[in-house]
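protein-v4.txt (compact mmCIF, C-alpha atoms) appears below.
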```txt
# COMPACT_ATOMS: atom_id res chain seq x y z
CA MET A 1 15.14 -22.50 2.12
CA ARG A 2 13.25 -21.91 5.34
CA VAL A 3 12.60 -18.32 6.38
CA ALA A 4 11.22 -17.14 9.72
CA VAL A 5 8.64 -14.39 9.18
CA LEU A 6 8.40 -12.69 12.54
CA ASP A 7 4.90 -12.06 13.78
CA TYR A 8 4.54 -9.41 16.47
CA GLY A 9 0.78 -9.15 16.45
CA ALA A 10 -0.09 -6.26 14.14
CA GLY A 11 1.06 -7.89 10.98
CA ASN A 12 -0.66 -8.77 7.80
CA VAL A 13 1.94 -11.18 6.42
CA ARG A 14 -0.22 -13.15 4.03
CA SER A 15 0.89 -11.37 0.87
CA LEU A 16 4.52 -11.42 2.03
CA CYS A 17 4.43 -15.18 2.62
CA ALA A 18 2.89 -15.77 -0.80
CA ALA A 19 5.60 -13.65 -2.45
CA LEU A 20 8.36 -15.48 -0.53
CA GLU A 21 6.94 -18.80 -1.72
CA ARG A 22 6.92 -17.59 -5.32
CA ALA A 23 10.60 -16.65 -4.87
CA GLY A 24 11.40 -20.22 -3.80
CA LEU A 25 11.51 -19.74 -0.03
CA ARG A 26 9.53 -21.60 2.64
CA PRO A 27 8.09 -18.99 5.03
CA GLN A 28 7.19 -19.93 8.58
CA VAL A 29 5.26 -17.28 10.50
CA THR A 30 6.47 -17.35 14.09
CA ARG A 31 6.82 -15.51 17.37
CA ASP A 32 9.05 -18.24 18.79
CA PRO A 33 12.56 -16.87 19.55
CA LYS A 34 14.06 -20.31 18.93
CA VAL A 35 12.69 -20.43 15.38
CA ALA A 36 13.70 -16.80 14.87
CA TRP A 37 17.25 -17.73 15.81
CA GLU A 38 17.53 -21.03 13.92
CA ALA A 39 16.00 -20.20 10.53
CA PRO A 40 18.60 -19.56 7.79
CA LEU A 41 16.89 -16.18 7.13
CA ALA A 42 14.73 -14.01 9.40
CA VAL A 43 12.37 -11.44 7.89
CA VAL A 44 11.01 -8.58 9.98
CA ALA A 45 7.98 -7.28 8.14
CA GLY A 46 5.88 -4.53 9.47
CA VAL A 47 2.97 -2.23 9.20
CA GLY A 48 1.69 0.22 11.72
CA HIS A 49 3.74 1.92 14.38
CA LEU A 50 7.36 1.22 15.18
CA ARG A 51 6.67 1.51 18.92
CA ALA A 52 4.03 -1.25 18.91
CA ALA A 53 6.10 -3.45 16.61
CA GLY A 54 9.24 -3.00 18.74
CA ALA A 55 7.31 -3.73 21.93
CA GLY A 56 5.88 -6.88 20.34
CA LEU A 57 9.33 -8.12 19.38
CA GLU A 58 10.70 -7.46 22.87
CA ALA A 59 7.74 -9.09 24.63
CA THR A 60 8.09 -12.36 22.72
CA GLY A 61 11.88 -12.57 23.09
CA VAL A 62 12.27 -12.34 19.32
CA ALA A 63 14.16 -9.03 19.69
CA GLU A 64 16.85 -10.85 21.68
CA ALA A 65 17.01 -13.60 19.06
CA LEU A 66 17.52 -10.92 16.38
CA ARG A 67 20.35 -9.27 18.36
CA ARG A 68 22.06 -12.65 18.63
CA ARG A 69 21.58 -13.23 14.90
CA ALA A 70 23.14 -9.87 14.12
CA GLN A 71 26.14 -10.61 16.35
CA ALA A 72 26.57 -14.02 14.77
CA GLY A 73 26.27 -12.67 11.23
CA ARG A 74 23.09 -14.60 10.44
CA PRO A 75 20.97 -12.89 7.75
CA ILE A 76 18.09 -10.57 8.66
CA LEU A 77 15.89 -8.70 6.18
CA GLY A 78 13.69 -5.82 7.39
CA ILE A 79 10.78 -4.62 5.25
CA CYS A 80 9.20 -1.14 5.68
CA VAL A 81 8.65 -0.69 9.45
CA GLY A 82 10.76 -3.83 9.77
CA MET A 83 13.67 -1.94 8.17
CA GLN A 84 13.08 0.98 10.54
CA LEU A 85 13.23 -1.48 13.44
CA LEU A 86 16.85 -2.21 12.57
CA PHE A 87 17.69 1.42 13.50
CA GLU A 88 17.50 3.53 16.69
CA GLU A 89 15.12 6.27 17.93
CA SER A 90 12.05 7.05 15.85
CA GLU A 91 10.32 10.43 15.65
CA GLU A 92 7.12 8.40 15.64
CA GLY A 93 7.93 7.39 19.20
CA GLY A 94 9.59 4.18 20.24
CA ARG A 95 12.96 2.66 19.54
CA GLY A 96 14.26 0.06 17.17
CA LEU A 97 16.76 -2.71 17.82
CA ALA A 98 19.76 -0.46 17.09
CA LEU A 99 21.44 -3.10 14.93
CA LEU A 100 22.28 -0.20 12.61
CA LYS A 101 23.07 3.35 13.73
CA GLY A 102 20.85 6.32 13.01
CA PRO A 103 17.35 7.65 13.72
CA VAL A 104 14.03 7.21 11.94
CA ARG A 105 12.55 10.55 10.91
CA ARG A 106 9.21 11.85 9.67
CA LEU A 107 9.24 12.61 5.94
CA ARG A 108 9.26 16.27 5.01
CA ALA A 109 7.42 16.62 1.71
CA ARG A 110 4.24 18.15 0.36
CA ARG A 111 2.64 14.70 0.24
CA VAL A 112 2.98 12.37 3.20
CA PRO A 113 2.63 9.36 3.26
CA HIS A 114 5.03 8.73 0.38
CA MET A 115 2.59 6.44 -1.40
CA GLY A 116 2.99 4.67 -4.70
CA TRP A 117 5.58 3.53 -7.23
CA ASN A 118 8.95 5.23 -7.31
CA ALA A 119 12.23 4.49 -9.10
CA LEU A 120 15.27 3.15 -7.24
CA SER A 121 18.64 4.87 -7.63
CA LEU A 122 21.34 2.42 -6.62
CA ARG A 123 24.31 3.56 -4.51
CA GLY A 124 27.42 1.51 -4.14
CA GLU A 125 27.58 -2.25 -4.16
CA THR A 126 24.37 -4.12 -3.57
CA ARG A 127 23.47 -7.75 -3.74
CA ILE A 128 19.78 -7.60 -2.85
CA LEU A 129 19.07 -4.97 -5.53
CA GLN A 130 21.22 -6.35 -8.32
CA GLY A 131 19.68 -5.53 -11.69
CA LEU A 132 17.18 -3.07 -10.23
CA GLU A 133 18.65 0.32 -11.15
CA GLY A 134 15.73 2.56 -12.11
CA ALA A 135 13.12 -0.08 -11.26
CA ASP A 136 9.79 1.16 -9.92
CA VAL A 137 8.84 -0.36 -6.57
CA TYR A 138 5.93 0.33 -4.22
CA PHE A 139 6.28 2.57 -1.15
CA ALA A 140 3.73 3.36 1.58
CA HIS A 141 5.36 5.13 4.54
CA SER A 142 5.50 8.38 6.49
CA TYR A 143 8.84 7.80 8.25
CA ALA A 144 12.24 6.82 6.89
CA CYS A 145 15.64 5.71 8.18
CA VAL A 146 18.53 8.16 8.35
CA PRO A 147 21.61 5.91 8.64
CA SER A 148 24.65 7.39 10.41
CA ASP A 149 26.90 5.39 8.15
CA PRO A 150 26.28 6.44 4.53
CA GLU A 151 28.15 3.34 3.39
CA THR A 152 25.21 1.14 4.39
CA VAL A 153 22.86 2.92 1.94
CA VAL A 154 22.45 0.91 -1.26
CA ALA A 155 19.44 2.67 -2.79
CA GLU A 156 17.70 6.01 -2.60
CA VAL A 157 14.46 7.32 -4.01
CA ASP A 158 13.37 10.88 -4.77
CA HIS A 159 10.35 12.32 -3.00
CA GLU A 160 11.10 16.06 -2.93
CA GLY A 161 14.57 15.14 -1.77
CA SER A 162 16.33 11.90 -1.24
CA ILE A 163 14.90 9.11 0.92
CA VAL A 164 16.87 5.99 1.88
CA ALA A 165 15.16 3.11 0.08
CA ALA A 166 17.46 0.24 1.07
CA VAL A 167 20.42 -0.59 3.30
CA GLU A 168 22.80 -3.51 3.30
CA ARG A 169 25.69 -4.33 5.61
CA GLU A 170 27.10 -7.81 5.85
CA ALA A 171 24.21 -10.03 6.96
CA LEU A 172 21.77 -7.15 7.59
CA ALA A 173 19.50 -5.78 4.88
CA GLY A 174 16.50 -3.50 4.90
CA VAL A 175 14.12 -2.22 2.25
CA GLN A 176 11.71 0.68 2.83
CA PHE A 177 9.48 -0.43 -0.05
CA HIS A 178 7.26 -3.52 -0.24
CA PRO A 179 8.81 -6.18 -2.49
CA GLU A 180 5.69 -8.34 -1.99
CA ARG A 181 3.64 -5.54 -3.58
CA SER A 182 6.10 -4.47 -6.28
CA ALA A 183 5.16 -6.84 -9.12
CA ALA A 184 8.06 -8.28 -11.15
CA ALA A 185 10.66 -5.91 -9.66
CA GLY A 186 9.70 -6.99 -6.16
CA ALA A 187 9.91 -10.66 -7.11
CA ARG A 188 13.42 -10.05 -8.37
CA VAL A 189 14.40 -8.43 -5.06
CA LEU A 190 13.17 -11.49 -3.16
CA ARG A 191 15.08 -13.86 -5.44
CA ASN A 192 18.19 -11.72 -4.86
CA VAL A 193 17.55 -11.90 -1.10
CA LEU A 194 17.46 -15.69 -1.33
CA ALA A 195 20.85 -15.76 -3.07
CA TRP A 196 22.28 -13.19 -0.66
CA SER A 197 21.11 -14.98 2.47
CA ARG A 198 22.57 -18.27 1.28
CA SER A 199 26.03 -16.76 1.10
CA ALA A 200 25.84 -13.96 3.71
CA MET B 1 9.53 11.31 -8.19
CA VAL B 2 6.60 9.16 -7.17
CA LYS B 3 4.55 8.08 -10.18
CA LYS B 4 0.95 9.12 -10.76
CA ARG B 5 -1.24 6.07 -10.27
CA VAL B 6 -4.08 4.65 -12.37
CA ILE B 7 -6.37 2.47 -10.25
CA PRO B 8 -9.14 0.26 -11.69
CA CYS B 9 -12.11 -0.20 -9.38
CA LEU B 10 -14.08 -3.47 -9.36
CA ASP B 11 -17.62 -3.62 -7.96
CA VAL B 12 -18.17 -6.85 -6.07
CA ALA B 13 -21.30 -8.45 -4.60
CA GLY B 14 -21.29 -11.74 -2.78
CA GLY B 15 -17.67 -12.29 -3.78
CA ARG B 16 -18.32 -11.87 -7.53
CA VAL B 17 -17.79 -8.96 -9.89
CA VAL B 18 -21.23 -7.70 -10.68
CA LYS B 19 -21.19 -5.27 -13.53
CA GLY B 20 -19.63 -3.90 -16.57
CA VAL B 21 -16.58 -6.11 -16.99
CA ARG B 22 -16.16 -7.92 -20.28
CA PHE B 23 -12.80 -9.60 -20.62
CA GLN B 24 -12.37 -11.70 -23.69
CA GLY B 25 -11.03 -15.21 -23.35
CA LEU B 26 -11.69 -15.55 -19.66
CA ARG B 27 -14.03 -18.32 -18.69
CA GLU B 28 -14.88 -17.11 -15.24
CA VAL B 29 -15.64 -13.54 -16.11
CA GLY B 30 -17.16 -12.92 -12.71
CA ASP B 31 -14.19 -13.84 -10.53
CA PRO B 32 -12.74 -10.66 -9.00
CA VAL B 33 -9.27 -12.03 -8.34
CA GLU B 34 -8.93 -13.30 -11.89
CA LEU B 35 -10.03 -9.93 -13.26
CA ALA B 36 -7.74 -8.14 -10.84
CA TRP B 37 -4.82 -10.29 -11.97
CA ARG B 38 -5.55 -9.41 -15.58
CA TYR B 39 -5.59 -5.71 -14.73
CA SER B 40 -2.30 -6.06 -12.88
CA GLN B 41 -0.79 -7.68 -15.99
CA LEU B 42 -2.06 -4.73 -18.03
CA GLY B 43 -0.21 -2.28 -15.78
CA ALA B 44 -2.70 -1.33 -13.04
CA ASP B 45 -0.77 0.43 -10.26
CA GLU B 46 -3.22 -0.61 -7.57
CA LEU B 47 -6.75 -1.99 -7.40
CA VAL B 48 -9.88 -1.19 -5.46
CA PHE B 49 -12.52 -3.80 -4.64
CA LEU B 50 -15.77 -2.13 -3.73
CA ASP B 51 -18.16 -4.45 -1.90
CA ILE B 52 -21.50 -2.99 -2.97
CA THR B 53 -23.71 -5.34 -0.98
CA ALA B 54 -21.63 -5.86 2.14
CA THR B 55 -24.24 -4.81 4.65
CA VAL B 56 -26.90 -7.00 3.09
CA GLU B 57 -25.04 -10.25 2.58
CA GLY B 58 -22.42 -10.22 5.28
CA ARG B 59 -18.66 -10.33 4.94
CA GLY B 60 -17.94 -14.00 4.37
CA PRO B 61 -17.46 -14.00 0.58
CA MET B 62 -15.48 -10.76 0.70
CA LEU B 63 -13.04 -12.06 3.32
CA GLU B 64 -12.44 -15.16 1.23
CA LEU B 65 -11.85 -12.98 -1.82
CA VAL B 66 -9.45 -10.71 0.10
CA GLY B 67 -7.44 -13.69 1.28
CA ARG B 68 -7.05 -15.00 -2.27
CA ALA B 69 -6.24 -11.54 -3.63
CA ALA B 70 -3.51 -11.11 -0.99
CA GLN B 71 -1.94 -14.40 -2.04
CA GLU B 72 -2.25 -14.06 -5.79
CA LEU B 73 -1.80 -10.36 -6.56
CA GLU B 74 1.61 -8.68 -6.68
CA ILE B 75 0.31 -5.12 -6.47
CA PRO B 76 -1.48 -3.36 -3.59
CA PHE B 77 -5.22 -3.38 -3.24
CA THR B 78 -7.82 -1.51 -1.21
CA VAL B 79 -11.13 -2.92 -0.04
CA GLY B 80 -14.10 -0.68 0.65
CA GLY B 81 -17.85 -0.60 0.73
CA GLY B 82 -19.97 -1.02 3.82
CA VAL B 83 -17.12 -1.01 6.33
CA ASP B 84 -19.38 -0.23 9.26
CA SER B 85 -17.23 -0.86 12.28
CA LEU B 86 -13.73 -1.26 13.60
CA GLU B 87 -14.25 -5.03 13.51
CA ASP B 88 -15.18 -4.89 9.80
CA GLY B 89 -12.08 -2.88 8.96
CA LEU B 90 -9.73 -4.98 11.05
CA ALA B 91 -11.14 -8.21 9.60
CA LEU B 92 -10.40 -7.01 6.05
CA LEU B 93 -6.86 -5.90 6.96
CA HIS B 94 -6.15 -9.14 8.82
CA ALA B 95 -7.45 -11.07 5.80
CA GLY B 96 -4.75 -9.41 3.70
CA ALA B 97 -6.09 -6.11 2.33
CA ASP B 98 -3.29 -3.55 2.00
CA LYS B 99 -5.73 -0.73 2.71
CA VAL B 100 -9.29 -0.43 3.86
CA ALA B 101 -11.60 2.36 2.71
CA VAL B 102 -14.11 3.77 5.17
CA ASN B 103 -16.94 6.09 4.24
CA ARG B 104 -20.28 6.47 6.07
CA ALA B 105 -19.12 4.93 9.35
CA ALA B 106 -16.25 7.43 9.49
CA VAL B 107 -18.64 10.34 8.95
CA ASP B 108 -20.77 8.95 11.78
CA ASP B 109 -17.74 8.59 14.04
CA PRO B 110 -14.28 9.73 12.89
CA ARG B 111 -12.63 7.81 15.73
CA LEU B 112 -13.04 4.76 13.50
CA VAL B 113 -10.30 6.24 11.28
CA GLN B 114 -8.05 6.77 14.27
CA ARG B 115 -8.51 3.24 15.61
CA LEU B 116 -7.76 1.63 12.26
CA ALA B 117 -4.69 3.86 11.84
CA ASP B 118 -3.51 2.98 15.36
CA ALA B 119 -3.71 -0.72 14.52
CA PHE B 120 -2.32 -0.79 10.98
CA GLY B 121 -0.82 2.66 10.34
CA SER B 122 -2.21 5.61 8.39
CA GLN B 123 -0.98 4.16 5.11
CA ALA B 124 -3.59 1.39 5.48
CA VAL B 125 -6.56 3.73 6.00
CA VAL B 126 -8.31 5.38 3.06
CA CYS B 127 -11.17 7.75 3.76
CA ALA B 128 -13.66 7.62 0.89
CA ILE B 129 -15.55 10.87 0.52
CA ASP B 130 -18.59 11.11 -1.74
CA ALA B 131 -19.64 14.67 -2.51
CA ARG B 132 -22.37 16.47 -4.37
CA ALA B 133 -21.99 20.20 -4.97
CA GLY B 134 -19.26 20.29 -2.32
CA GLU B 135 -21.35 18.59 0.36
CA VAL B 136 -20.61 15.17 1.86
CA VAL B 137 -23.24 12.57 0.96
CA THR B 138 -23.50 8.97 2.18
CA HIS B 139 -25.67 5.92 1.49
CA ALA B 140 -24.65 5.79 -2.20
CA GLY B 141 -25.42 9.47 -2.62
CA ARG B 142 -28.89 9.35 -1.15
CA ARG B 143 -28.22 11.07 2.14
CA PRO B 144 -26.78 14.61 2.29
CA ARG B 145 -24.89 15.13 5.55
CA GLY B 146 -24.74 18.91 5.78
CA ILE B 147 -20.93 18.80 6.00
CA ASP B 148 -18.54 20.59 3.67
CA ALA B 149 -16.39 18.04 1.82
CA VAL B 150 -13.16 20.02 2.22
CA SER B 151 -13.55 20.43 5.97
CA TRP B 152 -14.45 16.74 6.34
CA ALA B 153 -11.33 15.86 4.34
CA LYS B 154 -9.19 17.84 6.78
CA THR B 155 -10.87 16.21 9.78
CA ALA B 156 -10.39 12.70 8.37
CA VAL B 157 -6.68 13.39 7.88
CA GLU B 158 -6.38 14.77 11.43
CA TYR B 159 -7.84 11.48 12.67
CA GLY B 160 -5.23 9.54 10.74
CA ALA B 161 -6.47 8.83 7.21
CA GLY B 162 -3.42 8.25 5.01
CA GLU B 163 -5.19 8.77 1.71
CA LEU B 164 -8.49 10.21 0.45
CA LEU B 165 -10.64 8.70 -2.29
CA VAL B 166 -12.73 11.63 -3.48
CA THR B 167 -15.76 10.78 -5.61
CA SER B 168 -17.97 13.38 -7.19
CA ILE B 169 -21.49 11.97 -7.29
CA ASP B 170 -22.30 14.66 -9.89
CA ALA B 171 -19.56 13.51 -12.26
CA ASP B 172 -19.77 9.76 -11.60
CA GLY B 173 -20.72 7.80 -14.69
CA THR B 174 -20.82 10.85 -16.99
CA ARG B 175 -17.41 10.27 -18.65
CA GLN B 176 -17.19 14.06 -18.87
CA GLY B 177 -14.16 14.31 -16.59
CA TYR B 178 -13.46 14.39 -12.87
CA ASP B 179 -14.78 17.19 -10.65
CA LEU B 180 -11.62 19.27 -10.83
CA ALA B 181 -12.73 22.03 -8.47
CA LEU B 182 -13.49 19.48 -5.74
CA THR B 183 -10.28 17.53 -6.39
CA ALA B 184 -8.17 20.70 -6.31
CA ALA B 185 -9.81 22.10 -3.17
CA ILE B 186 -9.23 18.90 -1.21
CA ALA B 187 -5.72 18.24 -2.57
CA GLU B 188 -4.78 21.79 -1.56
CA ALA B 189 -6.25 21.42 1.93
CA VAL B 190 -4.49 18.21 2.99
CA GLU B 191 -1.00 16.71 2.85
CA VAL B 192 -2.03 13.11 2.16
CA PRO B 193 -2.45 11.77 -1.39
CA VAL B 194 -5.82 12.29 -3.05
CA ILE B 195 -7.35 9.77 -5.48
CA ALA B 196 -9.76 11.43 -7.91
CA SER B 197 -12.84 9.38 -8.71
CA GLY B 198 -15.94 9.68 -10.86
CA GLY B 199 -16.21 10.83 -14.44
CA ALA B 200 -13.16 9.45 -16.26
CA GLY B 201 -13.72 9.22 -20.02
CA CYS B 202 -10.26 9.62 -21.56
CA ALA B 203 -6.58 10.16 -20.76
CA ARG B 204 -7.01 13.94 -20.82
CA HIS B 205 -9.41 13.66 -17.87
CA LEU B 206 -6.80 11.78 -15.83
CA ALA B 207 -4.19 14.38 -16.76
CA GLU B 208 -6.54 17.15 -15.62
CA ALA B 209 -7.03 15.40 -12.27
CA PHE B 210 -3.25 15.11 -11.81
CA ALA B 211 -2.87 18.79 -12.72
CA ALA B 212 -5.51 19.58 -10.09
CA GLY B 213 -3.31 17.90 -7.46
CA ALA B 214 -4.52 14.29 -7.43
CA GLU B 215 -1.80 11.66 -6.97
CA ALA B 216 -3.96 8.94 -8.46
CA ALA B 217 -7.06 8.46 -10.59
CA LEU B 218 -9.72 5.80 -10.25
CA VAL B 219 -11.09 4.29 -13.47
CA ALA B 220 -14.05 1.96 -13.85
CA SER B 221 -16.33 1.77 -16.88
CA ILE B 222 -13.77 2.97 -19.43
CA VAL B 223 -11.45 0.07 -18.66
CA HIS B 224 -14.15 -2.49 -17.87
CA GLU B 225 -15.64 -2.31 -21.34
CA ARG B 226 -12.19 -2.74 -22.89
CA PRO B 227 -9.34 -3.66 -20.51
CA GLU B 228 -6.64 -2.94 -23.13
CA ARG B 229 -7.65 0.70 -22.69
CA LEU B 230 -5.64 0.67 -19.44
CA PRO B 231 -2.13 0.43 -20.97
CA GLU B 232 -3.23 2.85 -23.69
CA LEU B 233 -4.28 5.39 -21.06
CA LYS B 234 -0.91 5.11 -19.34
CA GLN B 235 0.90 5.40 -22.65
CA GLU B 236 -1.05 8.53 -23.51
CA LEU B 237 -0.29 10.01 -20.09
CA ALA B 238 3.42 9.23 -20.51
CA GLN B 239 3.42 10.90 -23.93
CA ALA B 240 1.79 13.95 -22.37
CA GLY B 241 4.72 14.13 -19.95
CA TRP B 242 3.13 12.67 -16.81
CA PRO B 243 5.31 10.37 -14.70
CA VAL B 244 3.56 7.01 -14.88
CA ARG B 245 4.82 3.47 -14.42
CA THR B 246 4.94 1.78 -17.80
```

Could you write out this file's structure as structure tokens?
Amino acid sequence: MRVAVLDYGAGNVRSLCAALERAGLRPQVTRDPKVAWEAPLAVVAGVGHLRAAGAGLEATGVAEALRRRAQAGRPILGICVGMQLLFEESEEGGRGLALLKGPVRRLRARRVPHMGWNALSLRGETRILQGLEGADVYFAHSYACVPSDPETVVAEVDHEGSIVAAVEREALAGVQFHPERSAAAGARVLRNVLAWSRSA
Amino acid sequence: MVKKRVIPCLDVAGGRVVKGVRFQGLREVGDPVELAWRYSQLGADELVFLDITATVEGRGPMLELVGRAAQELEIPFTVGGGVDSLEDGLALLHAGADKVAVNRAAVDDPRLVQRLADAFGSQAVVCAIDARAGEVVTHAGRRPRGIDAVSWAKTAVEYGAGELLVTSIDADGTRQGYDLALTAAIAEAVEVPVIASGGAGCARHLAEAFAAGAEAALVASIVHERPERLPELKQELAQAGWPVRT
């Protein structure tokens, strides 16, 4: 299945594309809004700052394509900053696409960034994280989403208090961790995403 | 709770691993990506590739290696050694490195840290600090800089470093344990994770570094001479009650 990996300039998407290929997907790196709209699945990856990433998406017209996808119920997966881009205001500065309600806040813990492997605690029904209760996955972030609707939260992780690790609502999904850097557990997440996006 | 990390470090020159690694049953014992893959299968939490001849030979072989590592590895990796400029750092990150480690060039001009963090985020920028008797040294330990290691650590974090790789030149290669006083002083002074480096000889040394406040421990010679030591170390740490990924 074809997947549009959205490139907004800052990205290092090489490892993500390789992981998507291993999971049986055909990634196409693009900043073309038409491709972003048409692909069966769109993935918003992301490193760096939400403000720059958001500005990049708006400038290329990809942000508009993502809003249309969300309205039409076409699957979108956000990874790390890409997940944060699904939400609203960020304390880092800048604003996401507001496809899901709630801010993005700076972590409050002795050690920031939250860096390394941490175990998922699943909440509620999840398709993208099926079979991953307690699995260690790799995080590297200083900000996290605070969804207004607790029902969207499908996984949390403990870093001196609970952090939202994944959200899922209809055709929208986001993971704060890096599946492409999370060994076998990450590969399983991407295979789940493939199954989910086929039927979402 | 985030797990304590054990991170093998591979020394690379001209795109090949150059010392101390003896895997059995591998034909191309000098290929860094192949060795890295093996370590990842043995439970490495992350990897560091240290380009020890970067300034002499140029970046070409390293960029090729980074590209392959990004495609083939399923765990994060950091590239360091001779990152002299913003262009060097950006090239490595664009090639697929998850993190880039800066050392001397950041001491010369800390704005390098800031610029890399602006482009890729703090989580992608590791400041490597080599210290002898609490003083920052550069040029593989040959040049003392007259700067206190703890105050340099704080400065690097203010400029945007998301992690510190703290190597004691005194302890390096001794296998007598990490420099715990240095590790503790820096871990106490900053909020970012600290990776202890230099001196690992056994699991107890890693445990001591974690107790001193390190979030991760770099290992080199002890795993290079026998890679199966890596899962044993993690098992021993788990038995001692440390949260590690097994």

Excluding region 120-134 of chain A and residues on its chain fewer than 4 positions from it, collect all residues at most 8 Å away from it, counting all atoms listed in the file, and give them as a list of chain:residue names.
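The neighbour list is A:Glu151, A:Val153, A:Val154, A:Ala155, A:Glu156, A:Val157, A:Ala165, A:Glu168, A:Ala173, A:Ala185, A:Val189, A:Leu190, A:Asn192, A:Val193, A:Trp196.
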
Contacts of Pro8 (chain B) at 8 Å or less, counting all atoms listed in the file, minus same-chain residues fewer than 2 places along, as a ChimeraX atom specification?
/B:6,10,39,44,46-48,218-220,223

For chain A, work out the contacting residues on chain B at 10 Å, counting all atoms listed in the file, and write them as a ChimeraX atom specification.
/B:1-5,40-41,43,45-46,67-77,93-98,116-124,161-163,187-188,190-194,215-216,243-246

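CA of Ala98 (chain A) sits 8.9 Å away from CA of Arg67 (chain A).
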
Counting all atoms listed in the file, select every polymer residue within 7 Å of (-21.3, 20.0, -9.5) as defined in the file's coordinates, and provide the selection as number ranges by chain.
B: 132-133, 170

Generate a file of the selected residues that holds C-alpha atoms, formatted as a PDB file, in the coordinates of the input.
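Okay, this is what ended up in out_11.pdb:
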```pdb
ATOM      1  CA  ARG B 132     -22.370  16.470  -4.370  1.00  0.00           C
ATOM      2  CA  ALA B 133     -21.990  20.200  -4.970  1.00  0.00           C
ATOM      3  CA  ASP B 170     -22.300  14.660  -9.890  1.00  0.00           C
TER       4      ASP B 170
END
```

Could you tell me how far CA of Arg191 (chain A) lies from CA of Leu6 (chain A), in Å and to one decimal?
19.2 Å

Exercise: region 36-43 of chain A partners within 7 Å, only C-alpha atoms, chain neighbours under 3 positions left out, as a VMD selection string:
chain A and resid 2 to 6 32 to 33 62 65 to 66 69 75 to 78 197

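Atom pair CA of Ile163 (chain A) / CA of Ile195 (chain B): separated by 23.2 Å.
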
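Among the candidates B:Gly89, B:Gly146, B:Gly15, B:Gly141, the residue lying nearest to Pro32 (chain B) is B:Gly15 (atoms considered: only C-alpha atoms).
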
Show me, as a list in words, the residues that have an atom within 7 Å of Tyr178 (chain B) when counting all atoms listed in the file, minus same-chain residues fewer than 5 positions from it.
Ala171, Ala196, Ser197, Gly198, Gly199, Ala200, His205 and Ala209 of chain B

Just so I have it separately, write region 137-161 of chain A from the block I sent, keeping C-alpha atoms, as a CSV table (one decimal), in the first residue's frame.
```
chain,number,residue,atom,x,y,z
A,137,VAL,CA,9.4,1.8,22.7
A,138,TYR,CA,11.8,4.7,22.0
A,139,PHE,CA,11.0,8.3,23.0
A,140,ALA,CA,13.0,11.5,22.4
A,141,HIS,CA,10.9,14.6,23.1
A,142,SER,CA,10.6,17.6,25.4
A,143,TYR,CA,6.9,18.4,24.7
A,144,ALA,CA,3.8,16.2,24.8
A,145,CYS,CA,0.1,16.4,23.7
A,146,VAL,CA,-2.6,17.0,26.3
A,147,PRO,CA,-5.8,15.9,24.6
A,148,SER,CA,-9.0,17.6,25.7
A,149,ASP,CA,-10.9,14.4,25.0
A,150,PRO,CA,-9.5,11.6,27.2
A,151,GLU,CA,-11.3,9.1,25.1
A,152,THR,CA,-8.7,9.6,22.3
A,153,VAL,CA,-5.8,8.5,24.5
A,154,VAL,CA,-4.9,4.9,23.8
A,155,ALA,CA,-1.5,4.7,25.5
A,156,GLU,CA,0.4,6.4,28.3
A,157,VAL,CA,3.9,6.2,29.6
A,158,ASP,CA,5.3,7.0,33.0
A,159,HIS,CA,8.0,9.7,33.2
A,160,GLU,CA,7.5,11.1,36.7
A,161,GLY,CA,3.8,11.2,35.9
```
